[in-house]
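Raw contents of run27.cif, mmCIF, C-alpha atoms:
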data_start
loop_
_atom_site.label_atom_id
_atom_site.label_comp_id
_atom_site.auth_asym_id
_atom_site.auth_seq_id
_atom_site.Cartn_x
_atom_site.Cartn_y
_atom_site.Cartn_z
CA MET A 619 -86.40 217.61 15.30
CA LYS A 620 -86.61 220.90 17.10
CA THR A 621 -90.00 222.44 17.72
CA PHE A 622 -90.78 225.63 15.84
CA ALA A 623 -90.34 227.72 19.00
CA GLY A 624 -87.03 226.00 19.57
CA GLN A 625 -85.90 226.96 16.11
CA GLN A 626 -86.88 230.54 16.86
CA ARG A 627 -84.74 230.59 19.97
CA ALA A 628 -81.86 229.14 17.98
CA LEU A 629 -82.45 231.76 15.33
CA ASN A 630 -82.34 234.52 17.95
CA ALA A 631 -79.23 233.11 19.57
CA ASN A 632 -77.24 232.71 16.37
CA ARG A 633 -78.15 235.40 13.86
CA THR A 634 -74.89 234.98 11.97
CA ASN A 635 -75.89 231.57 10.63
CA GLN A 636 -77.51 232.10 7.23
CA ASP A 637 -79.37 228.78 7.22
CA GLN A 638 -80.94 229.48 10.59
CA ARG A 639 -82.09 232.93 9.47
CA HIS A 640 -83.76 231.46 6.41
CA ILE A 641 -85.46 228.39 7.83
CA VAL A 642 -88.56 226.69 6.50
CA CYS A 643 -91.30 226.36 9.08
CA PRO A 644 -92.17 222.76 9.89
CA SER A 645 -95.76 221.76 10.45
CA ARG A 646 -96.67 221.89 14.12
CA GLY A 647 -98.99 219.36 15.63
CA LYS A 648 -100.51 221.80 18.08
CA ARG A 649 -101.37 225.34 17.12
CA ILE A 650 -100.92 228.23 19.49
CA GLN A 651 -104.45 229.23 20.44
CA ARG A 652 -103.60 232.39 22.33
CA PHE A 653 -101.09 235.02 21.31
CA ARG A 654 -98.17 235.67 23.63
CA CYS A 655 -98.07 239.42 23.17
CA HIS A 656 -95.80 241.66 25.16
CA ALA A 657 -98.37 242.78 27.69
CA SER A 658 -100.38 239.71 28.50
CA SER A 659 -101.19 236.10 27.67
CA LYS A 660 -104.85 236.91 26.96
CA GLU A 661 -106.29 236.64 23.48
CA TYR A 662 -104.61 239.12 21.19
CA GLU A 663 -107.56 241.33 20.36
CA GLU A 664 -108.22 241.95 24.05
CA VAL A 665 -104.69 242.71 25.23
CA PRO A 666 -104.02 246.19 26.67
CA ARG A 667 -100.49 247.56 26.47
CA SER A 668 -98.47 247.23 29.62
CA GLY A 669 -98.02 250.98 30.13
CA GLN A 670 -100.29 253.32 32.04
CA LEU A 671 -102.12 254.60 28.94
CA PRO A 672 -105.14 252.55 27.82
CA GLN A 673 -105.02 250.68 24.51
CA ARG A 674 -106.04 252.95 21.65
CA SER A 675 -109.09 251.95 19.64
CA ARG A 676 -108.78 251.08 15.96
CA ASP A 677 -110.39 254.39 14.98
CA VAL A 678 -108.04 256.40 17.18
CA LEU A 679 -105.03 254.47 15.86
CA ASN A 680 -106.06 254.99 12.24
CA LYS A 681 -106.55 258.72 12.70
CA GLY A 682 -103.25 259.00 14.56
CA ILE A 683 -101.36 257.01 11.91
CA ALA A 684 -102.84 259.15 9.12
CA ALA A 685 -101.97 262.37 10.91
CA PHE A 686 -98.45 261.18 11.72
CA TYR A 687 -97.64 260.29 8.13
CA ASP A 688 -99.45 263.31 6.71
CA SER A 689 -97.13 265.53 8.76
CA SER A 690 -93.86 263.57 8.46
CA THR A 691 -93.77 262.10 4.95
CA ALA A 692 -92.70 265.27 3.12
CA LEU A 693 -89.65 265.60 5.37
CA TRP A 694 -88.79 261.94 4.90
CA GLU A 695 -89.02 262.29 1.13
CA ASP A 696 -86.76 265.35 1.22
CA MET A 697 -84.16 263.49 3.28
CA TRP A 698 -84.44 259.89 2.04
CA GLY A 699 -86.64 259.71 -1.06
CA ASP A 700 -89.82 257.74 -1.74
CA HIS A 701 -88.98 254.52 0.17
CA LEU A 702 -90.31 254.67 3.75
CA HIS A 703 -88.71 251.52 5.12
CA HIS A 704 -85.47 249.97 6.41
CA GLY A 705 -82.49 249.43 4.19
CA TYR A 706 -80.63 246.15 3.72
CA TYR A 707 -76.97 246.57 4.68
CA ASP A 708 -74.25 243.99 4.04
CA VAL A 709 -72.97 243.22 7.54
CA SER A 710 -70.32 240.81 8.84
CA ASP A 711 -68.07 240.47 11.91
CA ASP A 712 -64.58 241.95 11.96
CA ASP A 713 -61.57 240.33 13.65
CA GLN A 714 -62.77 241.53 17.05
CA GLY A 715 -66.25 240.11 16.54
CA GLN A 716 -67.79 243.53 15.99
CA GLU A 717 -70.40 243.99 13.27
CA GLN A 718 -69.33 246.09 10.33
CA GLN A 719 -70.61 246.85 6.84
CA THR A 720 -68.75 244.81 4.25
CA ARG A 721 -69.91 246.92 1.31
CA LYS A 722 -70.56 250.63 1.58
CA LYS A 723 -73.69 251.81 -0.16
CA SER A 724 -76.03 254.77 -0.09
CA ASN A 725 -79.10 254.59 2.11
CA ARG A 726 -81.24 254.82 -1.00
CA GLN A 727 -79.49 251.79 -2.50
CA ALA A 728 -79.88 249.91 0.79
CA GLN A 729 -83.64 250.47 0.62
CA VAL A 730 -83.84 249.27 -2.98
CA ASP A 731 -81.71 246.27 -2.01
CA MET A 732 -84.21 245.49 0.74
CA ILE A 733 -87.01 245.12 -1.82
CA ASP A 734 -84.92 243.04 -4.22
CA ASN A 735 -83.54 240.79 -1.48
CA VAL A 736 -87.01 240.15 -0.04
CA LEU A 737 -88.32 239.21 -3.50
CA SER A 738 -85.34 236.92 -4.09
CA TRP A 739 -85.64 235.31 -0.66
CA ALA A 740 -89.35 234.63 -1.23
CA GLY A 741 -88.68 233.12 -4.64
CA VAL A 742 -90.66 235.73 -6.60
CA ASP A 743 -89.57 235.67 -10.24
CA SER A 744 -92.69 236.99 -11.96
CA VAL A 745 -95.67 239.15 -11.01
CA LYS A 746 -98.80 240.06 -12.97
CA SER A 747 -100.65 242.11 -10.36
CA MET A 748 -99.72 243.13 -6.83
CA VAL A 749 -101.16 244.99 -3.89
CA ASP A 750 -98.90 247.05 -1.64
CA VAL A 751 -100.55 247.09 1.80
CA GLY A 752 -99.35 250.11 3.73
CA CYS A 753 -97.74 251.51 0.60
CA GLY A 754 -96.40 254.83 1.87
CA LEU A 755 -95.42 256.84 -1.20
CA GLY A 756 -95.52 253.72 -3.35
CA GLY A 757 -91.78 253.18 -3.66
CA SER A 758 -92.11 249.38 -3.53
CA SER A 759 -95.06 249.43 -5.94
CA ARG A 760 -93.16 251.38 -8.57
CA HIS A 761 -89.98 249.34 -8.17
CA ILE A 762 -91.81 246.03 -8.52
CA ALA A 763 -93.96 247.33 -11.39
CA LYS A 764 -90.80 248.30 -13.28
CA LYS A 765 -89.00 245.07 -12.37
CA PHE A 766 -91.75 242.69 -13.53
CA GLY A 767 -93.91 244.83 -15.80
CA CYS A 768 -96.90 244.30 -13.53
CA THR A 769 -99.75 246.47 -12.30
CA ALA A 770 -99.80 247.61 -8.68
CA GLN A 771 -102.46 248.83 -6.28
CA GLY A 772 -101.36 250.52 -3.07
CA ILE A 773 -103.33 251.40 0.04
CA THR A 774 -102.42 253.78 2.86
CA LEU A 775 -104.28 255.59 5.62
CA SER A 776 -102.54 258.85 4.74
CA PRO A 777 -104.26 261.09 2.16
CA TYR A 778 -100.99 262.97 1.68
CA GLN A 779 -99.10 259.78 0.86
CA ALA A 780 -101.71 258.61 -1.66
CA ARG A 781 -101.82 261.99 -3.40
CA ARG A 782 -98.08 262.53 -3.46
CA GLY A 783 -97.34 258.93 -4.42
CA ASN A 784 -99.66 259.16 -7.43
CA GLU A 785 -97.89 262.36 -8.48
CA ILE A 786 -94.54 260.54 -8.40
CA SER A 787 -95.96 257.61 -10.38
CA LYS A 788 -97.29 259.91 -13.09
CA ALA A 789 -93.98 261.79 -13.24
CA GLN A 790 -92.20 258.46 -13.80
CA GLY A 791 -94.63 257.40 -16.53
CA LEU A 792 -96.35 254.82 -14.32
CA GLY A 793 -99.67 256.57 -13.85
CA SER A 794 -101.63 253.76 -15.50
CA GLU A 795 -99.64 250.91 -13.91
CA VAL A 796 -99.52 252.09 -10.27
CA GLU A 797 -102.49 253.47 -8.35
CA LEU A 798 -102.46 254.46 -4.67
CA ARG A 799 -105.58 255.11 -2.63
CA VAL A 800 -106.69 255.74 0.95
CA ALA A 801 -108.01 252.53 2.48
CA ASP A 802 -107.82 250.44 5.64
CA ALA A 803 -105.68 247.29 5.46
CA LEU A 804 -108.19 245.56 7.76
CA ASP A 805 -111.02 246.21 5.29
CA GLN A 806 -109.43 246.22 1.84
CA PRO A 807 -111.48 247.49 -1.13
CA PHE A 808 -110.59 244.57 -3.37
CA GLU A 809 -112.36 241.44 -4.53
CA ASP A 810 -111.35 238.00 -3.29
CA ASN A 811 -108.58 236.13 -5.14
CA THR A 812 -107.26 239.20 -6.99
CA PHE A 813 -103.46 239.53 -6.69
CA ASP A 814 -100.67 237.05 -7.33
CA LEU A 815 -98.40 239.08 -5.02
CA VAL A 816 -99.63 240.54 -1.73
CA TRP A 817 -96.87 242.73 -0.30
CA SER A 818 -96.67 244.32 3.16
CA LEU A 819 -93.36 246.00 3.91
CA GLU A 820 -93.33 247.45 7.43
CA SER A 821 -97.03 248.04 7.89
CA GLY A 822 -97.96 245.03 10.02
CA GLU A 823 -96.68 246.73 13.16
CA HIS A 824 -99.50 249.30 12.81
CA MET A 825 -102.28 246.70 12.70
CA PRO A 826 -104.37 246.48 15.90
CA ASN A 827 -105.84 243.10 14.92
CA LYS A 828 -103.18 240.84 13.47
CA LYS A 829 -105.65 238.05 12.70
CA ARG A 830 -107.87 240.37 10.66
CA PHE A 831 -104.77 241.75 8.96
CA VAL A 832 -103.52 238.33 7.87
CA ASP A 833 -107.02 237.19 6.91
CA GLU A 834 -107.37 240.19 4.57
CA LEU A 835 -103.97 239.63 3.00
CA ILE A 836 -104.86 236.03 2.24
CA ARG A 837 -108.39 236.89 1.08
CA VAL A 838 -107.21 239.20 -1.70
CA ALA A 839 -104.41 236.82 -2.78
CA ALA A 840 -105.13 234.75 -5.86
CA PRO A 841 -105.04 230.94 -5.51
CA GLY A 842 -101.37 230.02 -5.67
CA GLY A 843 -100.45 233.65 -5.00
CA ARG A 844 -97.74 234.67 -2.58
CA VAL A 845 -98.15 236.74 0.59
CA ILE A 846 -95.07 238.51 2.00
CA ILE A 847 -95.00 240.33 5.34
CA VAL A 848 -91.90 242.21 6.47
CA THR A 849 -92.42 243.71 9.89
CA TRP A 850 -91.13 244.50 13.35
CA CYS A 851 -91.82 241.93 16.06
CA HIS A 852 -90.67 241.37 19.60
CA ARG A 853 -88.42 238.43 20.40
CA VAL A 854 -89.86 234.94 20.82
CA LEU A 855 -90.49 234.16 24.46
CA ASP A 856 -88.28 231.56 26.12
CA PRO A 857 -89.74 228.41 27.74
CA GLY A 858 -91.54 229.35 30.95
CA GLU A 859 -91.90 233.03 30.05
CA GLU A 860 -95.43 234.40 30.06
CA THR A 861 -94.50 237.94 29.05
CA LEU A 862 -91.48 240.08 28.31
CA THR A 863 -89.65 241.78 31.16
CA VAL A 864 -90.88 245.04 32.68
CA GLU A 865 -87.95 246.88 31.11
CA GLU A 866 -88.76 245.43 27.69
CA THR A 867 -92.46 246.25 27.86
CA THR A 868 -91.67 249.79 28.98
CA LEU A 869 -89.42 250.34 25.98
CA LEU A 870 -92.02 248.94 23.58
CA ASP A 871 -94.75 251.09 25.11
CA GLN A 872 -92.69 254.23 24.51
CA ILE A 873 -92.25 253.25 20.86
CA CYS A 874 -95.97 252.45 20.57
CA ASP A 875 -97.04 255.83 21.86
CA ALA A 876 -94.80 257.79 19.48
CA TYR A 877 -95.44 255.76 16.30
CA TYR A 878 -99.13 254.95 16.86
CA LEU A 879 -98.58 251.23 17.23
CA PRO A 880 -100.81 248.68 18.97
CA GLN A 881 -99.39 245.79 20.98
CA TRP A 882 -96.52 243.82 19.48
CA CYS A 883 -96.37 240.10 18.75
CA SER A 884 -93.66 237.61 17.78
CA VAL A 885 -92.98 235.93 14.45
CA ASP A 886 -94.39 232.74 15.95
CA ASP A 887 -97.79 234.42 16.16
CA TYR A 888 -97.72 235.24 12.45
CA VAL A 889 -96.79 231.68 11.54
CA SER A 890 -99.70 230.41 13.63
CA LEU A 891 -102.05 232.70 11.71
CA PHE A 892 -100.66 231.57 8.37
CA GLU A 893 -101.10 227.93 9.36
CA SER A 894 -104.66 228.50 10.56
CA GLN A 895 -105.54 229.73 7.06
CA GLY A 896 -103.98 226.72 5.38
CA MET A 897 -101.12 228.66 3.82
CA GLU A 898 -98.47 226.53 2.15
CA ASN A 899 -94.68 226.78 1.83
CA ILE A 900 -94.44 228.98 4.92
CA ARG A 901 -90.99 230.41 5.52
CA ILE A 902 -89.53 232.96 7.92
CA ALA A 903 -86.29 234.90 8.21
CA ASP A 904 -84.73 237.29 10.70
CA TRP A 905 -82.83 240.20 9.16
CA SER A 906 -82.31 242.21 12.34
CA ARG A 907 -78.57 242.10 11.74
CA GLU A 908 -78.88 243.34 8.17
CA VAL A 909 -81.00 246.38 9.10
CA ALA A 910 -79.06 247.29 12.25
CA PRO A 911 -77.18 250.25 10.65
CA PHE A 912 -80.45 251.84 9.49
CA TRP A 913 -81.49 253.67 12.64
CA GLY A 914 -78.02 255.11 13.11
CA GLN A 915 -78.26 256.54 9.59
CA VAL A 916 -81.74 257.95 10.29
CA ILE A 917 -80.56 259.57 13.52
CA LYS A 918 -77.56 261.01 11.70
CA SER A 919 -79.79 262.57 9.04
CA ALA A 920 -82.16 263.93 11.71
CA LEU A 921 -79.24 265.68 13.45
CA SER A 922 -78.17 267.45 10.25
CA ILE A 923 -79.13 271.09 9.81
CA GLN A 924 -81.66 270.16 7.13
CA GLY A 925 -83.08 267.46 9.36
CA MET A 926 -83.42 269.63 12.47
CA VAL A 927 -85.04 272.48 10.56
CA GLY A 928 -87.40 270.04 8.88
CA LEU A 929 -88.36 268.41 12.18
CA LEU A 930 -89.22 271.75 13.74
CA LYS A 931 -91.37 272.68 10.75
CA SER A 932 -93.13 269.30 10.65
CA GLY A 933 -94.69 269.67 14.09
CA TRP A 934 -94.87 267.81 17.36
CA LYS A 935 -95.96 264.39 16.05
CA THR A 936 -92.91 264.12 13.79
CA LEU A 937 -90.61 265.55 16.45
CA ARG A 938 -91.82 263.04 19.02
CA GLY A 939 -91.16 260.25 16.54
CA ALA A 940 -87.60 261.52 16.18
CA PHE A 941 -87.06 261.42 19.94
CA VAL A 942 -87.97 257.72 19.96
CA MET A 943 -85.54 256.69 17.21
CA PRO A 944 -82.76 255.85 19.72
CA LEU A 945 -85.18 253.46 21.44
CA MET A 946 -85.70 251.55 18.19
CA ALA A 947 -81.94 251.34 17.80
CA LYS A 948 -81.65 250.08 21.38
CA GLY A 949 -84.36 247.48 20.81
CA LEU A 950 -82.52 246.08 17.81
CA GLN A 951 -79.18 246.12 19.61
CA THR A 952 -80.52 244.20 22.62
CA GLY A 953 -82.43 241.66 20.52
CA LEU A 954 -85.83 242.73 21.84
CA VAL A 955 -86.94 244.16 18.49
CA ARG A 956 -86.71 241.71 15.62
CA PHE A 957 -86.93 242.56 11.92
CA VAL A 958 -88.64 239.52 10.45
CA LEU A 959 -89.99 238.18 7.16
CA ILE A 960 -92.90 235.79 6.76
CA THR A 961 -94.09 234.36 3.46
CA GLY A 962 -96.39 231.65 2.20
CA THR A 963 -98.53 230.70 -0.78
CA LYS A 964 -102.31 230.47 -0.87
CA GLN A 965 -103.79 227.10 -1.63
CA LYS A 966 -104.91 226.64 -5.24
#
Using structure tokens, write down the structure from this file.
Amino acid sequence: MKTFAGQQRALNANRTNQDQRHIVCPSRGKRIQRFRCHASSKEYEEVPRSGQLPQRSRDVLNKGIAAFYDSSTALWEDMWGDHLHHGYYDVSDDDQGQEQQTRKKSNRQAQVDMIDNVLSWAGVDSVKSMVDVGCGLGGSSRHIAKKFGCTAQGITLSPYQARRGNEISKAQGLGSEVELRVADALDQPFEDNTFDLVWSLESGEHMPNKKRFVDELIRVAAPGGRVIIVTWCHRVLDPGEETLTVEETTLLDQICDAYYLPQWCSVDDYVSLFESQGMENIRIADWSREVAPFWGQVIKSALSIQGMVGLLKSGWKTLRGAFVMPLMAKGLQTGLVRFVLITGTKQK
């Protein structure tokens, strides 16, 4: 049997194989004790980024994240709607081996499909109460609340997102079912064992302490409840590699500085954290191929007249984020940036 890391390398090397992209994690006899993050092999919480700028503190990151989304979310909503995440695109290879979309769809539909496909992949068929960690405008919360008739709590660092998201919920008749608030994902304002679905769609990349992040997700999950993380990671290191290459770390550092991200980790690190907490039925998937068209669509919308005018009005933080979009596209194209899913159930 292949080791888990070996399965990851196989997964990276052959993304077209559906079974490999949706593997079940085997139990590993030896846990990884130190994270292999992109800048160092030191313990994760102590790792500085590889660039010249010092690692931002949690407080600085939180303030920067809040300010970034306070200034950019209105433009995103105008251009894309209330879902602030990747879309799921149906992709296959043509006769020349080039990737192409097999079914054309709107970007809005691709984002809704992302939510539904993640739920299906994780085996979620009913929900009573959920928490949306890093909820943005609450698009996932409202969609899941409508789909399953559940209640939803959402947390974000952005006061604008919480206020605007609650306005949208009320306008859709979901004011009593969906509530968004300003809170830190590393110190959630919820009791232990509360939610049967703990949902984090593209917020994990902002977390400066991945262990604390995962611990909090599991803490608020009810016994038998499901935790789902969908996030950006860097590729799994090959045997003998201590870090990523200089070129790779430079690219990640540029993305970090623009989007207020701490150091990156791999999906293997998340699995190790899940295992350390005794999570059951752990599964992972790599959907980098399915989200690949997303950044091209975002860049296209940014280059429209509406997009360019909106970027100029939104200020420097949003504009700088736009300049980095081609780097995200490059990271996905080269296989450095991975779009991964991790799920597991809390012990009863």
| task | Could you tell me which residues the PyMOL selection byres ((chain A and resi 777-780) around 12) grabs in this file, written as a VMD selection string? | result | chain A and resid 680 to 681 683 to 695 700 to 702 750 752 to 757 771 to 776 781 to 787 796 to 802
3 Å per side around region 765-775 of chain A: axis-aligned box centre and edge lengths, as lines of an AutoDock Vina configuration file:
center_x = -96.6
center_y = 249.1
center_z = -5.1
size_x = 21.3
size_y = 18.9
size_z = 27.4
| task | Within 8 Å of region 948-965 of chain A, counting all atoms listed in the file, which residues show up once you throw out same-chain ones fewer than 4 positions away? Write them as a VMD selection string, please. | result | chain A and resid 630 740 836 839 to 853 866 869 885 888 to 889 892 896 to 906 909 to 910 944
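CA of Ser738 (chain A) to CA of Tyr706 (chain A) spans 13.0 Å [interatomic distance, one decimal].
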| With distances taken over all atoms listed in the file, which of A:Phe831, A:Lys918, A:Asp805, A:Val816 is nearest to Val742 (chain A)? | A:Val816
| Which residue, A:Leu815, A:Ile733, A:Ala803, A:Val709, has the smallest gap to Asp833 (chain A) when you use all atoms listed in the file? | A:Ala803
| task | Return as JSON, numbers by chain the set of residues that the PyMOL selection byres ((chain A and resi 767) around 9) yields on the displayed structure. | result | {"A": [744, 745, 746, 762, 763, 764, 765, 766, 768, 769, 795]}
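Among the candidates A:Phe813, A:Phe941, A:Trp882, A:Tyr877, the one nearest to Thr861 (chain A) when counting all atoms listed in the file is A:Trp882.
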| query | In Å to one decimal, how far is CA of Val751 (chain A) from CA of Glu820 (chain A)? | reply | 9.2 Å
| If you measure from CA of Ser724 (chain A) to CA of Trp817 (chain A), what distance in Å do you get, rounded to one decimal? | 24.1 Å
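Of the listed residues (A:Val942, A:Ala947, A:Met926, A:Ala728), A:Met926 comes nearest to Met697 (chain A); the distances count only C-alpha atoms.
Among the candidates A:Leu804, A:Val832, A:Val864, A:Met748, the residue lying nearest to Leu891 (chain A) is A:Val832 (atoms considered: only C-alpha atoms).
Distance check against Lys722 (chain A) using only C-alpha atoms: of A:Gly933, A:Gly699, A:Pro911, A:Gly928, the minimum falls on A:Pro911.
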